[in-house]
Structures are given as C-alpha cells and as structure tokens.
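Engineer: Would you mind keeping the following structure in view while I ask a few things?
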Amino acid sequence: MVASHSPEALLGIAAELLDEASVRFVAGLGAPSAVTKGHNDFATELDLELERTLSAALLARTGIAVHGEEFGGPDLRTGRVWVLDPIDGTYNYSAGLPLTGMLLALIEDGKPILGLTWLPLLGERYAAVAGGPLLRNGAPLPPLQPRTLATSMIAFGAFNVDSRGRIPGRFRFDVLGVLSRLSSRVRMHGSTGVDLAYTAAGVLGGSIVFGYHAWDNAAGALMVQAAGGVVTDLAGKPWTIESGSVLAAAPGVHEELLEMIASVGTGERDGEVSA
C-alpha cells in the first residue's frame, strides 16, 4: 500500500492499526506523568510509545509520514501527512477517566481528507472520509439535522479565568456565562476528541474549542463536516488546520453559538475573535 491509494483504502489501514493499538491503550490506563510539557500539561510514557509505534506502522503500511503531538513531523501544508494525537485527554487517561482516545487524520495539501477518533475505553470508533458519511463502529450514521441551542448539550473547552494567553480566560468565562443562560446543558469533558466526535454523532449539539493544534482538531473537524455539521473558528471564518479555535455544531446551533460569541466582545489577542 502506498501514498497514492484512495482515502477509503487508507482509512481501512488506519482503522486496523488503531484497533491494534487499542489493546495497549486500554492496558495502560492510569499511566502517570512522565514528561512535563508546560503548565498543567504532560505526557505519559504511553503517549511516547504509542506515537512511535503508530508512526512507524503508518509509514510502513501507507508510505505517508506522520506529524505527531509528541515528536512533530513533516509540514502539514504540503502533500499527504498523517497527524496523530496518541492520547487525547491525557489528564483524564492518567486519572483513569475513560473520556480519552486516539486521534488520527490524513491531511492533503493542508486540508483533512479523512479522520478517525478511537475511544477504546468507551468501545466506540468514529471515522469519516471527506464528504461523509460519519461511521460509528463501522456503520453509517444519518446526517445531522437542524436543531436549537436551547435543546442541545454544548461541549466547552477548559479554562482558567486568570489566564492571559492567546484567548484570555476572562473571555472564556464571559462566553460560558452567556452560554449558561441560553443552554443549561453545558459539558466540560477534558478531551477535544470526545467533544468533536460526539458533536459529529449528534450526541452533542456543538463544541467550543479554544485550542488550535491540528492533532487535536483535524480529525474531529473533518468528521463534523462529513456528518453535515458546520465548522468555523470562533469568529465564523471557515476552519482550517491553521485556525486558532474551532466552533463546530449542528445546523442551526452553529448560527446561535456564533451570534452568542460575537455578543461577548473581543476574544483572541490577534483579533480572530472581535466585537
């Protein structure tokens, strides 16, 4: 199998390799921190092991190199590149909380063309090729239908109200406050992969993601689009792998969320979110 094969064929290979890695993923639940990556962020030894193993296997089986969260890799803007997060929701995983998984997307000239989110501890496997349908455990799901914010659960990215980073904590706090008035069903799962997979499947009405890393967002963003959802950044611009945030939701809900965020005012420091 080589890099020129179809996305469907490559999806099949990727699914096989994630299935194989799932055994080790389940066995390693509760792995402690091994590498400190920044404030409240770390990697376990299993993060490193899984990334090495999956990267080598993907390259050998498909001829396509991998850009991983832990070790980096080729530029995602040219050619075909896998982008991998071996353990999404690492804090959950280390604590024994099953809201965690493996995320893998295939990027072609900067655009995701397939995405996979494996949640082995929940017994769920989500995947899609661009254009759909979304597959759950290999079976196609119906497209997302229009719905309303008031009747939807919304996933919300974690925050520290005192953070002064790229999207300040105070802005996130203000968004959360307004959101709580429009939907009492706000959820914080600690895993972008879980949030976006469940948005694609229609379990959640939408997700507000403040992170910008392609290994966190690419697979899920592709799946939401494949399922018929709407994916932009928080300012409503079309989402790309270089976007600084993600707003993904079912039709109808996305429009309401976008209007709500705009009402809060200035967000990201570089002006992505502004009044």
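Identifiers for the structure tokens are assigned positionally: chains receive A, B, ... in sequence, residues are indexed from 1 per chain, and ligands are indexed from 1 in the order shown.
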List as a ChimeraX atom specification the protein and nucleic acid residues near region 72-87 of chain A, meaning an atom at most 9 Å away when only C-alpha atoms are counted, but skip any in the same chain fewer than 4 places from it.

Structural biologist: /A:3,25,43-44,46-51,54-55,58,64-68,93,100-111,214-216,218-219,241

Engineer: What residues in region 188-257 of chain A get the DSSP label alpha helix (DSSP H)? Please answer as a list in words.

Structural biologist: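 After running DSSP on the backbone, region 188-257 of chain A has alpha helix (DSSP H) at Thr192, Gly193, Val194, Asp195, Leu196, Ala197, Tyr198, Thr199, Ala200, Ala201, Ala214, Trp215, Asp216, Asn217, Ala218, Ala219, Gly220, Ala221, Leu222, Met223, Val224, Gln225, Ala226, Val253, His254, Glu255, Glu256 and Leu257 of chain A.
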
Engineer: Go ahead and save the residues from that selection, with N, CA and C atoms, as a PDB file, in the first residue's frame.

Structural biologist:
ATOM      1  N   THR A 192     -10.853  17.213  23.557  1.00  0.00           N
ATOM      2  CA  THR A 192     -11.374  17.777  22.313  1.00  0.00           C
ATOM      3  C   THR A 192     -11.872  16.672  21.392  1.00  0.00           C
ATOM      4  N   GLY A 193     -11.163  15.547  21.361  1.00  0.00           N
ATOM      5  CA  GLY A 193     -11.579  14.438  20.505  1.00  0.00           C
ATOM      6  C   GLY A 193     -12.953  13.920  20.858  1.00  0.00           C
ATOM      7  N   VAL A 194     -13.218  13.757  22.145  1.00  0.00           N
ATOM      8  CA  VAL A 194     -14.542  13.320  22.592  1.00  0.00           C
ATOM      9  C   VAL A 194     -15.589  14.355  22.206  1.00  0.00           C
ATOM     10  N   ASP A 195     -15.298  15.636  22.460  1.00  0.00           N
ATOM     11  CA  ASP A 195     -16.257  16.703  22.158  1.00  0.00           C
ATOM     12  C   ASP A 195     -16.650  16.705  20.681  1.00  0.00           C
ATOM     13  N   LEU A 196     -15.661  16.646  19.802  1.00  0.00           N
ATOM     14  CA  LEU A 196     -15.955  16.755  18.375  1.00  0.00           C
ATOM     15  C   LEU A 196     -16.573  15.474  17.815  1.00  0.00           C
ATOM     16  N   ALA A 197     -16.156  14.317  18.313  1.00  0.00           N
ATOM     17  CA  ALA A 197     -16.770  13.068  17.855  1.00  0.00           C
ATOM     18  C   ALA A 197     -18.247  13.026  18.225  1.00  0.00           C
ATOM     19  N   TYR A 198     -18.566  13.434  19.437  1.00  0.00           N
ATOM     20  CA  TYR A 198     -19.965  13.407  19.862  1.00  0.00           C
ATOM     21  C   TYR A 198     -20.788  14.515  19.213  1.00  0.00           C
ATOM     22  N   THR A 199     -20.133  15.598  18.815  1.00  0.00           N
ATOM     23  CA  THR A 199     -20.835  16.602  18.021  1.00  0.00           C
ATOM     24  C   THR A 199     -21.160  16.043  16.646  1.00  0.00           C
ATOM     25  N   ALA A 200     -20.198  15.375  16.031  1.00  0.00           N
ATOM     26  CA  ALA A 200     -20.427  14.763  14.719  1.00  0.00           C
ATOM     27  C   ALA A 200     -21.534  13.721  14.769  1.00  0.00           C
ATOM     28  N   ALA A 201     -21.599  12.978  15.878  1.00  0.00           N
ATOM     29  CA  ALA A 201     -22.597  11.909  16.010  1.00  0.00           C
ATOM     30  C   ALA A 201     -23.968  12.434  16.417  1.00  0.00           C
ATOM     31  N   ALA A 214      -3.503  21.081  15.287  1.00  0.00           N
ATOM     32  CA  ALA A 214      -4.116  20.215  14.281  1.00  0.00           C
ATOM     33  C   ALA A 214      -4.312  18.807  14.801  1.00  0.00           C
ATOM     34  N   TRP A 215      -3.385  18.317  15.649  1.00  0.00           N
ATOM     35  CA  TRP A 215      -3.547  16.951  16.148  1.00  0.00           C
ATOM     36  C   TRP A 215      -4.764  16.816  17.056  1.00  0.00           C
ATOM     37  N   ASP A 216      -5.211  17.897  17.670  1.00  0.00           N
ATOM     38  CA  ASP A 216      -6.429  17.872  18.478  1.00  0.00           C
ATOM     39  C   ASP A 216      -7.690  18.033  17.635  1.00  0.00           C
ATOM     40  N   ASN A 217      -7.609  18.861  16.599  1.00  0.00           N
ATOM     41  CA  ASN A 217      -8.818  19.334  15.929  1.00  0.00           C
ATOM     42  C   ASN A 217      -9.118  18.725  14.572  1.00  0.00           C
ATOM     43  N   ALA A 218      -8.109  18.287  13.837  1.00  0.00           N
ATOM     44  CA  ALA A 218      -8.315  17.930  12.433  1.00  0.00           C
ATOM     45  C   ALA A 218      -9.271  16.769  12.241  1.00  0.00           C
ATOM     46  N   ALA A 219      -9.081  15.691  12.998  1.00  0.00           N
ATOM     47  CA  ALA A 219      -9.948  14.520  12.825  1.00  0.00           C
ATOM     48  C   ALA A 219     -11.402  14.860  13.130  1.00  0.00           C
ATOM     49  N   GLY A 220     -11.618  15.527  14.259  1.00  0.00           N
ATOM     50  CA  GLY A 220     -12.983  15.843  14.655  1.00  0.00           C
ATOM     51  C   GLY A 220     -13.654  16.857  13.762  1.00  0.00           C
ATOM     52  N   ALA A 221     -12.909  17.885  13.330  1.00  0.00           N
ATOM     53  CA  ALA A 221     -13.485  18.885  12.433  1.00  0.00           C
ATOM     54  C   ALA A 221     -13.935  18.240  11.129  1.00  0.00           C
ATOM     55  N   LEU A 222     -13.104  17.349  10.591  1.00  0.00           N
ATOM     56  CA  LEU A 222     -13.462  16.641   9.363  1.00  0.00           C
ATOM     57  C   LEU A 222     -14.715  15.808   9.572  1.00  0.00           C
ATOM     58  N   MET A 223     -14.822  15.138  10.713  1.00  0.00           N
ATOM     59  CA  MET A 223     -15.984  14.288  10.970  1.00  0.00           C
ATOM     60  C   MET A 223     -17.266  15.092  11.123  1.00  0.00           C
ATOM     61  N   VAL A 224     -17.182  16.244  11.792  1.00  0.00           N
ATOM     62  CA  VAL A 224     -18.378  17.083  11.920  1.00  0.00           C
ATOM     63  C   VAL A 224     -18.841  17.548  10.538  1.00  0.00           C
ATOM     64  N   GLN A 225     -17.914  17.962   9.694  1.00  0.00           N
ATOM     65  CA  GLN A 225     -18.268  18.376   8.336  1.00  0.00           C
ATOM     66  C   GLN A 225     -18.862  17.208   7.549  1.00  0.00           C
ATOM     67  N   ALA A 226     -18.249  16.027   7.673  1.00  0.00           N
ATOM     68  CA  ALA A 226     -18.733  14.855   6.950  1.00  0.00           C
ATOM     69  C   ALA A 226     -20.143  14.473   7.387  1.00  0.00           C
ATOM     70  N   VAL A 253     -27.718  25.318  15.440  1.00  0.00           N
ATOM     71  CA  VAL A 253     -26.985  25.559  16.678  1.00  0.00           C
ATOM     72  C   VAL A 253     -25.739  26.396  16.405  1.00  0.00           C
ATOM     73  N   HIS A 254     -25.067  26.110  15.307  1.00  0.00           N
ATOM     74  CA  HIS A 254     -23.855  26.871  14.998  1.00  0.00           C
ATOM     75  C   HIS A 254     -24.162  28.351  14.860  1.00  0.00           C
ATOM     76  N   GLU A 255     -25.214  28.680  14.172  1.00  0.00           N
ATOM     77  CA  GLU A 255     -25.568  30.078  13.977  1.00  0.00           C
ATOM     78  C   GLU A 255     -25.852  30.761  15.308  1.00  0.00           C
ATOM     79  N   GLU A 256     -26.549  30.072  16.207  1.00  0.00           N
ATOM     80  CA  GLU A 256     -26.854  30.644  17.512  1.00  0.00           C
ATOM     81  C   GLU A 256     -25.593  30.821  18.353  1.00  0.00           C
ATOM     82  N   LEU A 257     -24.701  29.829  18.309  1.00  0.00           N
ATOM     83  CA  LEU A 257     -23.451  29.942  19.058  1.00  0.00           C
ATOM     84  C   LEU A 257     -22.589  31.080  18.537  1.00  0.00           C
TER      85      LEU A 257
END

Engineer: When DSSP is applied to the backbone of this structure, which of region 15-263 of chain A are assigned strand (DSSP E)? Write them out as a PyMOL selection string.

Structural biologist: chain A and resi 33-38+41-44+66-68+80-88+101-108+111-119+124-129+135-136+139-140+154-156+186-187+206-209+230-232+246-249

Engineer: So that I can check the surroundings of Val186 (chain A), please list as number ranges by chain every protein, DNA and RNA residue that reaches within 10 Å of it, counting only C-alpha atoms and ignoring chain neighbours fewer than 3 positions away.

Structural biologist: A: 152-156, 176, 179-180, 182-183, 189, 204, 206-207

Engineer: Distance CA of Pro251 (chain A)-CA of Ala227 (chain A), one decimal place?

Structural biologist: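 Distance between the two atoms: 10.6 Å.
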
Engineer: To one decimal place, how far is CA of Gly115 (chain A) from CA of Asn137 (chain A) in Å?

Structural biologist: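 That distance, rounded to one decimal, is 13.6 Å.
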